[in-house]
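Raw final_6.cif, mmCIF, C-alpha atoms and all ligand atoms:
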data_target
#
loop_
_atom_site.label_atom_id
_atom_site.label_comp_id
_atom_site.auth_asym_id
_atom_site.auth_seq_id
_atom_site.Cartn_x
_atom_site.Cartn_y
_atom_site.Cartn_z
CA MET J 22 -9.99 20.09 -36.90
CA GLY J 23 -7.20 20.22 -34.30
CA ASP J 24 -6.36 17.55 -31.77
CA LYS J 25 -8.47 17.65 -28.66
CA ILE J 26 -7.27 14.89 -26.39
CA GLN J 27 -5.05 15.71 -23.47
CA LEU J 28 -3.69 13.64 -20.63
CA LEU J 29 -5.32 14.41 -17.28
CA PRO J 30 -3.00 15.78 -14.62
CA GLU J 31 -1.89 12.95 -12.32
CA HIS J 32 -3.72 14.35 -9.31
CA LEU J 33 -7.02 14.57 -11.16
CA ALA J 34 -6.55 11.06 -12.52
CA ASN J 35 -5.98 9.88 -8.95
CA GLN J 36 -9.07 11.68 -7.67
CA ILE J 37 -11.17 10.05 -10.37
CA ALA J 38 -9.69 6.63 -9.70
CA ALA J 39 -10.24 7.16 -5.96
CA GLY J 40 -13.98 7.24 -6.61
CA GLU J 41 -13.86 3.54 -7.46
CA VAL J 42 -12.03 2.36 -4.36
CA ILE J 43 -12.89 4.98 -1.76
CA GLN J 44 -16.62 5.53 -1.72
CA ARG J 45 -17.11 6.36 1.93
CA PRO J 46 -15.24 6.40 5.25
CA ALA J 47 -15.76 2.65 5.64
CA SER J 48 -13.75 2.07 2.43
CA VAL J 49 -10.76 3.79 4.04
CA VAL J 50 -11.19 1.64 7.14
CA LYS J 51 -11.25 -1.51 5.00
CA GLU J 52 -8.12 -0.58 3.03
CA LEU J 53 -6.10 0.48 6.08
CA LEU J 54 -7.08 -2.58 8.14
CA GLU J 55 -6.21 -4.86 5.22
CA ASN J 56 -2.84 -3.18 4.81
CA ALA J 57 -2.15 -3.73 8.51
CA VAL J 58 -3.06 -7.41 8.22
CA ASP J 59 -0.96 -7.76 5.06
CA ALA J 60 1.96 -6.21 6.98
CA GLY J 61 1.81 -9.15 9.39
CA ALA J 62 0.53 -7.11 12.35
CA ASP J 63 -0.87 -9.10 15.26
CA ASP J 64 -2.32 -6.09 17.04
CA ILE J 65 -4.29 -3.39 15.26
CA LEU J 66 -5.92 -0.26 16.61
CA LEU J 67 -8.66 1.62 14.78
CA ILE J 68 -9.46 5.17 15.86
CA VAL J 69 -12.40 7.02 14.33
CA GLU J 70 -13.97 10.41 14.88
CA GLU J 71 -17.15 11.84 13.41
CA ALA J 72 -18.06 8.64 11.56
CA GLY J 73 -14.71 8.81 9.80
CA LYS J 74 -15.39 12.16 8.19
CA ARG J 75 -12.93 13.92 10.46
CA LEU J 76 -10.49 11.15 11.38
CA ILE J 77 -9.69 7.55 10.58
CA GLN J 78 -6.48 6.23 12.06
CA VAL J 79 -5.05 2.73 11.97
CA VAL J 80 -2.06 1.80 14.11
CA ASP J 81 -0.36 -1.54 13.50
CA ASN J 82 2.67 -3.42 14.79
CA GLY J 83 3.45 -4.93 11.40
CA CYS J 84 6.63 -4.88 9.31
CA GLY J 85 6.78 -1.11 8.77
CA MET J 86 8.39 0.55 5.77
CA SER J 87 11.76 1.99 4.83
CA GLU J 88 11.92 5.67 4.03
CA THR J 89 11.81 5.01 0.28
CA ASP J 90 8.94 2.53 0.59
CA ALA J 91 7.01 4.99 2.73
CA ARG J 92 7.14 7.52 -0.07
CA MET J 93 6.56 4.93 -2.79
CA SER J 94 3.51 3.54 -1.02
CA PHE J 95 1.52 6.62 -2.06
CA GLU J 96 2.32 6.21 -5.75
CA ARG J 97 -0.41 4.77 -7.89
CA HIS J 98 0.16 1.13 -8.93
CA ALA J 99 2.97 0.85 -6.38
CA THR J 100 2.79 -2.41 -4.47
CA SER J 101 5.09 -4.88 -2.75
CA LYS J 102 2.51 -7.66 -3.17
CA ILE J 103 2.70 -8.65 -6.84
CA ARG J 104 5.39 -8.37 -9.50
CA ASP J 105 3.97 -9.96 -12.61
CA ILE J 106 0.67 -11.11 -14.04
CA ASP J 107 1.14 -14.67 -12.79
CA ASP J 108 1.29 -13.37 -9.23
CA LEU J 109 -2.34 -12.31 -9.63
CA TYR J 110 -3.23 -15.98 -9.54
CA ARG J 111 -1.10 -16.70 -6.50
CA ILE J 112 -2.55 -13.96 -4.33
CA ARG J 113 -2.34 -14.59 -0.60
CA THR J 114 -2.62 -10.97 0.51
CA MET J 115 -5.70 -8.77 0.78
CA GLY J 116 -4.18 -6.00 -1.36
CA PHE J 117 -2.35 -6.26 -4.69
CA ARG J 118 -3.30 -3.31 -6.88
CA GLY J 119 -1.25 -0.64 -5.16
CA GLU J 120 -4.12 1.82 -5.41
CA ALA J 121 -5.50 2.33 -1.93
CA LEU J 122 -3.00 4.74 -0.41
CA ALA J 123 -2.72 6.77 -3.63
CA SER J 124 -6.51 7.00 -3.78
CA ILE J 125 -6.88 7.97 -0.12
CA ALA J 126 -4.14 10.60 -0.41
CA ALA J 127 -5.91 12.07 -3.44
CA VAL J 128 -9.08 12.80 -1.46
CA ALA J 129 -7.94 13.41 2.13
CA GLU J 130 -5.13 14.72 4.31
CA VAL J 131 -2.85 11.86 5.26
CA GLU J 132 -0.07 11.50 7.77
CA MET J 133 1.91 8.27 7.95
CA ARG J 134 4.48 7.23 10.54
CA THR J 135 6.28 4.01 9.89
CA ARG J 136 9.31 2.14 11.15
CA PRO J 137 10.68 -1.36 10.50
CA ALA J 138 11.61 -2.98 13.82
CA ASP J 139 15.31 -3.17 12.87
CA GLN J 140 15.69 0.56 12.30
CA GLN J 141 16.27 3.17 14.98
CA LEU J 142 14.27 5.95 13.40
CA GLY J 143 11.06 5.90 11.46
CA THR J 144 9.71 8.11 8.69
CA CYS J 145 6.91 10.62 8.92
CA ILE J 146 5.17 11.72 5.73
CA GLU J 147 2.41 14.24 5.36
CA ILE J 148 0.37 14.39 2.18
CA ALA J 149 -2.61 16.45 1.10
CA ASN J 150 -4.22 16.65 -2.30
CA GLY J 151 -1.83 13.98 -3.46
CA ARG J 152 1.22 16.14 -2.77
CA ILE J 153 3.93 15.44 -0.21
CA LEU J 154 4.00 18.39 2.19
CA ARG J 155 6.58 17.08 4.60
CA GLN J 156 8.81 14.05 4.96
CA GLU J 157 11.25 13.62 7.82
CA PRO J 158 12.79 11.05 10.13
CA CYS J 159 10.83 10.61 13.34
CA ALA J 160 10.74 8.58 16.49
CA CYS J 161 7.87 6.08 16.45
CA GLN J 162 6.87 2.58 17.47
CA PRO J 163 7.81 -0.26 15.13
CA GLY J 164 5.00 -0.71 12.63
CA THR J 165 2.86 1.76 10.78
CA GLN J 166 0.24 4.30 11.67
CA VAL J 167 -1.81 6.07 9.07
CA GLN J 168 -3.99 9.03 9.90
CA VAL J 169 -6.63 10.07 7.40
CA LYS J 170 -8.19 13.45 8.11
CA ASN J 171 -11.02 15.40 6.51
CA LEU J 172 -11.95 12.79 3.95
CA PHE J 173 -13.27 14.26 0.69
CA PHE J 174 -12.44 17.83 1.84
CA SER J 175 -11.26 18.57 -1.70
CA VAL J 176 -14.21 16.78 -3.33
CA PRO J 177 -17.25 18.53 -1.85
CA ALA J 178 -19.65 16.66 -4.12
CA ARG J 179 -18.50 13.36 -2.62
CA ARG J 180 -18.65 14.68 0.91
CA HIS J 181 -22.15 15.89 0.22
CA PHE J 182 -23.28 12.39 -0.77
CA LEU J 183 -22.19 10.82 2.50
CA LYS J 184 -25.04 9.61 4.68
CA SER J 185 -25.69 10.48 8.31
CA ASP J 186 -23.03 9.71 10.90
CA ALA J 187 -25.12 6.79 12.16
CA VAL J 188 -25.23 5.19 8.72
CA GLU J 189 -21.54 5.80 7.92
CA LEU J 190 -20.56 4.44 11.34
CA ARG J 191 -22.61 1.31 10.69
CA HIS J 192 -20.65 0.73 7.48
CA ILE J 193 -17.41 1.19 9.42
CA TRP J 194 -18.47 -1.44 11.98
CA GLU J 195 -19.35 -3.77 9.13
CA GLU J 196 -15.85 -3.49 7.63
CA PHE J 197 -14.26 -3.81 11.06
CA ASN J 198 -16.28 -6.95 11.78
CA ARG J 199 -15.35 -8.55 8.47
CA VAL J 200 -11.62 -8.10 8.96
CA ALA J 201 -11.80 -9.04 12.65
CA LEU J 202 -13.73 -12.25 11.83
CA ALA J 203 -11.25 -13.21 9.13
CA PHE J 204 -8.24 -12.75 11.42
CA PRO J 205 -9.09 -14.05 14.90
CA GLU J 206 -5.37 -14.58 15.57
CA VAL J 207 -4.93 -10.81 15.43
CA GLY J 208 -5.92 -8.50 18.31
CA PHE J 209 -8.11 -5.52 17.41
CA SER J 210 -9.23 -2.43 19.28
CA PHE J 211 -11.73 0.17 18.17
CA ILE J 212 -11.81 3.65 19.69
CA TYR J 213 -14.67 5.93 18.67
CA GLU J 214 -14.80 9.59 19.72
CA GLY J 215 -12.09 8.94 22.30
CA GLU J 216 -13.82 5.94 23.90
CA LEU J 217 -12.84 2.30 23.63
CA GLN J 218 -15.78 0.54 21.96
CA LEU J 219 -14.35 -2.93 21.69
CA ARG J 220 -11.18 -4.82 22.51
CA LEU J 221 -10.74 -8.16 20.80
CA GLU J 222 -7.95 -10.31 22.18
CA LYS J 223 -6.34 -12.86 19.89
CA SER J 224 -8.63 -15.85 20.06
CA SER J 225 -10.15 -18.85 18.37
CA LEU J 226 -12.62 -18.30 15.55
CA LYS J 227 -15.49 -19.39 17.78
CA GLN J 228 -14.63 -16.88 20.50
CA ARG J 229 -14.26 -14.14 17.90
CA VAL J 230 -17.65 -15.00 16.38
CA LEU J 231 -19.31 -14.89 19.79
CA GLN J 232 -17.70 -11.55 20.62
CA LEU J 233 -18.85 -9.97 17.39
CA LEU J 234 -22.23 -11.63 16.81
CA GLY J 235 -23.18 -11.82 20.47
CA LYS J 236 -22.96 -14.25 23.37
CA SER J 237 -26.55 -15.32 22.68
CA TYR J 238 -25.07 -17.59 19.99
CA ALA J 239 -23.04 -19.51 22.59
CA ASP J 240 -25.01 -22.75 22.15
CA LYS J 241 -26.50 -21.86 18.79
CA LEU J 242 -23.57 -22.45 16.47
CA ILE J 243 -23.10 -25.56 14.38
CA ALA J 244 -19.52 -26.19 13.29
CA VAL J 245 -18.96 -26.73 9.58
CA GLN J 246 -15.85 -28.44 8.31
CA GLU J 247 -15.30 -30.28 5.05
CA LYS J 248 -12.28 -31.01 2.95
CA THR J 249 -11.47 -32.32 -0.51
CA PRO J 250 -8.01 -32.33 -2.11
CA ASP J 251 -8.77 -28.88 -3.61
CA LEU J 252 -11.28 -27.26 -1.29
CA TYR J 253 -11.58 -26.61 2.40
CA ILE J 254 -14.48 -24.99 4.20
CA HIS J 255 -14.81 -24.27 7.88
CA GLY J 256 -16.78 -22.01 10.16
CA PHE J 257 -20.25 -21.92 11.69
CA VAL J 258 -23.90 -21.77 10.77
CA GLY J 259 -26.50 -20.67 13.28
CA LYS J 260 -29.07 -23.24 14.37
CA PRO J 261 -32.34 -22.88 12.46
CA ASP J 262 -34.02 -20.94 15.29
CA THR J 263 -31.46 -18.14 14.91
CA ALA J 264 -32.55 -17.39 11.33
CA LYS J 265 -33.67 -13.80 10.91
CA LYS J 266 -36.13 -11.91 8.76
CA SER J 267 -33.47 -9.35 7.87
CA ARG J 268 -30.20 -10.11 6.16
CA GLY J 269 -27.04 -9.37 8.08
CA ASP J 270 -24.83 -11.64 10.17
CA GLN J 271 -24.01 -13.51 6.99
CA TYR J 272 -20.33 -13.70 6.38
CA PHE J 273 -18.74 -15.67 3.58
CA PHE J 274 -15.01 -15.46 3.01
CA VAL J 275 -12.90 -16.87 0.21
CA ASN J 276 -9.23 -17.13 1.11
CA ARG J 277 -10.09 -14.82 4.02
CA ARG J 278 -11.54 -12.18 1.75
CA PHE J 279 -15.15 -11.19 2.53
CA ILE J 280 -17.24 -11.59 -0.58
CA ARG J 281 -20.86 -11.07 -1.55
CA SER J 282 -22.34 -13.84 -3.60
CA ASN J 283 -26.06 -14.38 -3.92
CA TYR J 284 -25.30 -17.66 -5.60
CA LEU J 285 -23.33 -19.06 -2.66
CA HIS J 286 -25.73 -17.51 -0.16
CA HIS J 287 -28.34 -19.61 -1.87
CA ALA J 288 -26.18 -22.72 -1.50
CA ILE J 289 -26.14 -22.19 2.26
CA SER J 290 -29.75 -21.15 2.75
CA SER J 291 -31.01 -23.98 0.57
CA ALA J 292 -29.22 -26.45 2.85
CA LEU J 293 -31.17 -24.99 5.78
CA ALA J 294 -34.33 -24.32 3.80
CA PRO J 295 -36.38 -27.25 5.07
CA MET J 296 -35.92 -26.03 8.64
CA ILE J 297 -36.40 -22.29 8.47
CA PRO J 298 -39.34 -20.16 7.33
CA ALA J 299 -39.19 -19.17 3.66
CA ASP J 300 -38.75 -15.46 4.42
CA SER J 301 -35.89 -15.93 6.92
CA HIS J 302 -32.16 -15.90 6.42
CA PRO J 303 -29.71 -18.18 8.19
CA VAL J 304 -26.79 -16.75 10.15
CA TYR J 305 -23.36 -17.95 9.09
CA VAL J 306 -19.65 -17.25 9.22
CA LEU J 307 -17.95 -19.50 6.68
CA PHE J 308 -14.47 -19.61 5.25
CA LEU J 309 -13.78 -21.27 1.94
CA ASN J 310 -10.18 -21.90 0.98
CA VAL J 311 -9.39 -22.53 -2.67
CA ASP J 312 -6.27 -22.56 -4.76
CA PRO J 313 -5.75 -18.88 -5.74
CA ALA J 314 -5.17 -20.09 -9.30
CA GLU J 315 -8.82 -21.21 -9.42
CA ILE J 316 -10.29 -17.78 -8.74
CA ASP J 317 -10.06 -14.30 -10.19
CA VAL J 318 -10.10 -11.67 -7.45
CA ASN J 319 -9.54 -8.85 -9.89
CA VAL J 320 -13.09 -8.39 -11.17
CA HIS J 321 -14.45 -5.74 -8.77
CA PRO J 322 -13.02 -2.39 -7.59
CA THR J 323 -13.43 -3.24 -3.91
CA LYS J 324 -12.80 -6.95 -4.52
CA GLN J 325 -16.14 -7.96 -3.01
CA GLU J 326 -16.90 -10.19 -5.92
CA ILE J 327 -14.69 -12.88 -7.32
CA LYS J 328 -14.89 -15.27 -10.23
CA PHE J 329 -14.60 -18.99 -9.70
CA GLY J 330 -13.25 -21.36 -12.32
CA ASP J 331 -16.07 -23.80 -11.57
CA GLU J 332 -18.82 -22.05 -9.62
CA LYS J 333 -21.30 -24.94 -9.83
CA MET J 334 -18.87 -27.28 -8.20
CA ILE J 335 -18.23 -24.73 -5.40
CA TYR J 336 -22.01 -24.39 -4.90
CA ALA J 337 -22.42 -28.14 -4.54
CA PHE J 338 -19.47 -28.36 -2.15
CA VAL J 339 -20.71 -25.55 0.12
CA GLN J 340 -24.26 -26.90 0.17
CA ALA J 341 -23.09 -30.42 0.96
CA ALA J 342 -20.78 -29.17 3.72
CA VAL J 343 -23.62 -27.32 5.46
CA ARG J 344 -26.02 -30.25 5.06
CA HIS J 345 -23.44 -32.59 6.49
CA ALA J 346 -22.82 -30.29 9.46
CA LEU J 347 -26.56 -30.15 10.19
CA ALA J 348 -26.83 -33.92 10.00
CA VAL J 349 -23.87 -34.43 12.35
CA ALA J 350 -25.45 -31.98 14.79
CA SER J 351 -28.71 -33.97 14.44
CA VAL J 352 -30.50 -30.93 13.15
CA THR J 353 -32.84 -32.47 10.62
CA PRO J 354 -36.13 -31.38 9.13
CA ALA J 355 -38.03 -34.23 10.79
CA LEU J 356 -36.67 -33.44 14.24
CA ASP J 357 -37.40 -29.78 13.84
CA PHE J 358 -41.01 -30.34 12.92
CA GLU J 359 -41.57 -32.32 16.12
CA LEU J 360 -40.34 -29.43 18.24
P1 LIG J 401 -1.66 -2.70 -1.99
O1 LIG J 401 -2.12 -3.04 -0.60
O2 LIG J 401 -2.65 -3.12 -3.03
O3 LIG J 401 -0.26 -3.17 -2.29
P2 LIG J 401 -1.72 0.05 -1.01
O4 LIG J 401 -1.84 1.35 -1.71
O5 LIG J 401 -2.76 -0.29 -0.01
O6 LIG J 401 -1.63 -1.09 -2.12
O7 LIG J 401 -0.29 0.00 -0.31
C1 LIG J 401 0.88 0.15 -1.10
C2 LIG J 401 2.06 -0.54 -0.46
O8 LIG J 401 2.43 0.15 0.73
C3 LIG J 401 1.81 -1.98 -0.03
O9 LIG J 401 2.04 -2.88 -1.10
C4 LIG J 401 2.79 -2.14 1.11
O10 LIG J 401 4.07 -2.51 0.62
C5 LIG J 401 2.90 -0.76 1.70
N1 LIG J 401 2.05 -0.61 2.92
C6 LIG J 401 0.82 -0.04 2.98
N2 LIG J 401 0.34 -0.06 4.23
C7 LIG J 401 1.27 -0.67 4.99
C8 LIG J 401 1.38 -1.01 6.39
N3 LIG J 401 0.38 -0.72 7.25
N4 LIG J 401 2.51 -1.61 6.81
C9 LIG J 401 3.51 -1.90 5.96
N5 LIG J 401 3.48 -1.63 4.64
C10 LIG J 401 2.37 -1.01 4.15
MG MG J 402 -3.72 -2.17 0.36
#

What does the file become when written as structure tokens?
Amino acid sequence: MGDKIQLLPEHLANQIAAGEVIQRPASVVKELLENAVDAGADDILLIVEEAGKRLIQVVDNGCGMSETDARMSFERHATSKIRDIDDLYRIRTMGFRGEALASIAAVAEVEMRTRPADQQLGTCIEIANGRILRQEPCACQPGTQVQVKNLFFSVPARRHFLKSDAVELRHIWEEFNRVALAFPEVGFSFIYEGELQLRLEKSSLKQRVLQLLGKSYADKLIAVQEKTPDLYIHGFVGKPDTAKKSRGDQYFFVNRRFIRSNYLHHAISSALAPMIPADSHPVYVLFLNVDPAEIDVNVHPTKQEIKFGDEKMIYAFVQAAVRHALAVASVTPALDFEL
């Protein structure tokens, strides 16, 4: 029998790989916002049309890219953020795999304009189906803007599986909120269908939380802060009467990366358990900082799960921090029962 294995063409390999990272418009929003933050931007604009199916654009005032970097940025496994395997355990940036732009360009039409502040002219690159259609010098603001049009136009099956605009837009808001909560020192604007939906000025974490979760939390937030030589947690939990039947408004970040962890959710809700009904979920926005060497962020395609060296210890720390915060705020089971 003859040999049967052949190498997939690069573009097809990229389209397949894109399926892991780019599942829906909100995934593009996440990747572009994270790139803007990683580029050191302190003002970021998100523009979306048709729930991201027609247009997703992110404009930042970050470091920009040279002409060569602009082209390189669309190559798969091309990144400025790590160089060797050890760097994986020193990660301070949101990105590190060098996959996002290559993936997006494999399944959409992309136009990038970018300019480092110290250069007169920027670079404009247009890519569709993973191929560079045009690259030329251009006049543009310092920073980077990436326009992603007609997502999944070349992958009809994917496009077909997208949900209604309302649902896709909700996912986009969710990603926007996560990044905006994690970086209150950065200004964000969100324009949808030509209308400004939200402008977030640079602010404190508390102001940012109130802007995104709602002013009704103004006197409903309990500050959490706890430190050991290796761990630091800070943020807010909602007072017991803000607990909700539905999940949502639960944000847990590790080194500023939003993660989902039922285990750590349990650590937090168990601290509040005596004070809230069994079928309710507490509201929280908490940031845990750990030594990057103690976690593995490379276990999930969209990095929403991470592995801790000692998860039990983290659980105990988070639970104790929330309990302590409740005690300091004199929110105790006994008191609550009297009310
Ligand atoms: P990663 O973020 O994992 O490195 P990406 O595909 O998202 O991979 O981006 C590839 C590279 O392109 C980044 O490492 C960075 O050097 C550069 N880049 C992407 N977006 C921006 C941006 N908005 N500003 C400056 N550089 C960027
Ligand atoms: Mg990235």

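The closest residue to J:Ala299, picked from J:Ala264, J:Leu217, J:Ala123, J:Met115 and counting only C-alpha atoms, is J:Ala264.
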
Produce as an mmCIF file with C-alpha atoms, keeping the file's coordinate frame the set of residues near ligand LIG 401 (chain J), where near means within 10 Å with all atoms listed in the file considered.
data_model
loop_
_atom_site.group_PDB
_atom_site.id
_atom_site.type_symbol
_atom_site.label_atom_id
_atom_site.label_comp_id
_atom_site.auth_asym_id
_atom_site.auth_seq_id
_atom_site.Cartn_x
_atom_site.Cartn_y
_atom_site.Cartn_z
ATOM 1 C CA VAL J 49 -10.760 3.790 4.040
ATOM 2 C CA LYS J 51 -11.250 -1.510 5.000
ATOM 3 C CA GLU J 52 -8.120 -0.580 3.030
ATOM 4 C CA LEU J 53 -6.100 0.480 6.080
ATOM 5 C CA LEU J 54 -7.080 -2.580 8.140
ATOM 6 C CA GLU J 55 -6.210 -4.860 5.220
ATOM 7 C CA ASN J 56 -2.840 -3.180 4.810
ATOM 8 C CA ALA J 57 -2.150 -3.730 8.510
ATOM 9 C CA VAL J 58 -3.060 -7.410 8.220
ATOM 10 C CA ASP J 59 -0.960 -7.760 5.060
ATOM 11 C CA ALA J 60 1.960 -6.210 6.980
ATOM 12 C CA GLY J 61 1.810 -9.150 9.390
ATOM 13 C CA ALA J 62 0.530 -7.110 12.350
ATOM 14 C CA ILE J 65 -4.290 -3.390 15.260
ATOM 15 C CA VAL J 79 -5.050 2.730 11.970
ATOM 16 C CA VAL J 80 -2.060 1.800 14.110
ATOM 17 C CA ASP J 81 -0.360 -1.540 13.500
ATOM 18 C CA ASN J 82 2.670 -3.420 14.790
ATOM 19 C CA GLY J 83 3.450 -4.930 11.400
ATOM 20 C CA CYS J 84 6.630 -4.880 9.310
ATOM 21 C CA GLY J 85 6.780 -1.110 8.770
ATOM 22 C CA MET J 86 8.390 0.550 5.770
ATOM 23 C CA SER J 87 11.760 1.990 4.830
ATOM 24 C CA ASP J 90 8.940 2.530 0.590
ATOM 25 C CA ALA J 91 7.010 4.990 2.730
ATOM 26 C CA ARG J 92 7.140 7.520 -0.070
ATOM 27 C CA MET J 93 6.560 4.930 -2.790
ATOM 28 C CA SER J 94 3.510 3.540 -1.020
ATOM 29 C CA PHE J 95 1.520 6.620 -2.060
ATOM 30 C CA GLU J 96 2.320 6.210 -5.750
ATOM 31 C CA ARG J 97 -0.410 4.770 -7.890
ATOM 32 C CA HIS J 98 0.160 1.130 -8.930
ATOM 33 C CA ALA J 99 2.970 0.850 -6.380
ATOM 34 C CA THR J 100 2.790 -2.410 -4.470
ATOM 35 C CA SER J 101 5.090 -4.880 -2.750
ATOM 36 C CA LYS J 102 2.510 -7.660 -3.170
ATOM 37 C CA ILE J 103 2.700 -8.650 -6.840
ATOM 38 C CA THR J 114 -2.620 -10.970 0.510
ATOM 39 C CA MET J 115 -5.700 -8.770 0.780
ATOM 40 C CA GLY J 116 -4.180 -6.000 -1.360
ATOM 41 C CA PHE J 117 -2.350 -6.260 -4.690
ATOM 42 C CA ARG J 118 -3.300 -3.310 -6.880
ATOM 43 C CA GLY J 119 -1.250 -0.640 -5.160
ATOM 44 C CA GLU J 120 -4.120 1.820 -5.410
ATOM 45 C CA ALA J 121 -5.500 2.330 -1.930
ATOM 46 C CA LEU J 122 -3.000 4.740 -0.410
ATOM 47 C CA ALA J 123 -2.720 6.770 -3.630
ATOM 48 C CA SER J 124 -6.510 7.000 -3.780
ATOM 49 C CA ILE J 125 -6.880 7.970 -0.120
ATOM 50 C CA ALA J 126 -4.140 10.600 -0.410
ATOM 51 C CA MET J 133 1.910 8.270 7.950
ATOM 52 C CA ARG J 134 4.480 7.230 10.540
ATOM 53 C CA THR J 135 6.280 4.010 9.890
ATOM 54 C CA ARG J 136 9.310 2.140 11.150
ATOM 55 C CA PRO J 137 10.680 -1.360 10.500
ATOM 56 C CA PRO J 163 7.810 -0.260 15.130
ATOM 57 C CA GLY J 164 5.000 -0.710 12.630
ATOM 58 C CA THR J 165 2.860 1.760 10.780
ATOM 59 C CA GLN J 166 0.240 4.300 11.670
ATOM 60 C CA VAL J 167 -1.810 6.070 9.070
#

- Computed gap from atom CA of J:Asp108 to atom CA of J:Gly330 is 16.9 Å

For stretch 270-281 of chain J, take all atoms listed in the file, fit an axis-aligned box around them, add 8 Å to each of the six sides, then output centre and edge lengths in Å rounded to one decimal, as AutoDock Vina command-line options.
--center_x -17.0 --center_y -14.1 --center_z 4.3 --size_x 31.6 --size_y 22.1 --size_z 27.7

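From atom CA of J:Tyr272 back to atom CA of J:Ala341, the distance works out to 17.8 Å.
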
- Task: Pick out the residues sitting within 8 Å of J:Val343, and hand them over as a VMD selection string; count all atoms listed in the file, and ignore anything fewer than 4 positions along from it in its own chain.
- Result: chain J and resid 245 258 289 292 to 293 339 347

Take the residues from that selection and put them in a file with C-alpha atoms, as an mmCIF file, in the coordinates of the input.
data_model
loop_
_atom_site.group_PDB
_atom_site.id
_atom_site.type_symbol
_atom_site.label_atom_id
_atom_site.label_comp_id
_atom_site.auth_asym_id
_atom_site.auth_seq_id
_atom_site.Cartn_x
_atom_site.Cartn_y
_atom_site.Cartn_z
ATOM 1 C CA VAL J 245 -18.960 -26.730 9.580
ATOM 2 C CA VAL J 258 -23.900 -21.770 10.770
ATOM 3 C CA ILE J 289 -26.140 -22.190 2.260
ATOM 4 C CA ALA J 292 -29.220 -26.450 2.850
ATOM 5 C CA LEU J 293 -31.170 -24.990 5.780
ATOM 6 C CA VAL J 339 -20.710 -25.550 0.120
ATOM 7 C CA LEU J 347 -26.560 -30.150 10.190
#

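Atom CA of J:Thr263 to atom CA of J:His302 spans 8.8 Å [interatomic distance, one decimal].
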
- Item | Selection: 10 Å around J:Lys324, all atoms listed in the file, excl. self and same-chain fewer than 2 positions, as a list in words | Val42, Met115, Gly116, Arg278, Phe279, Ile280, Arg281, Asp317, Val318, Asn319, Val320, His321, Pro322, Glu326 and Ile327 of chain J
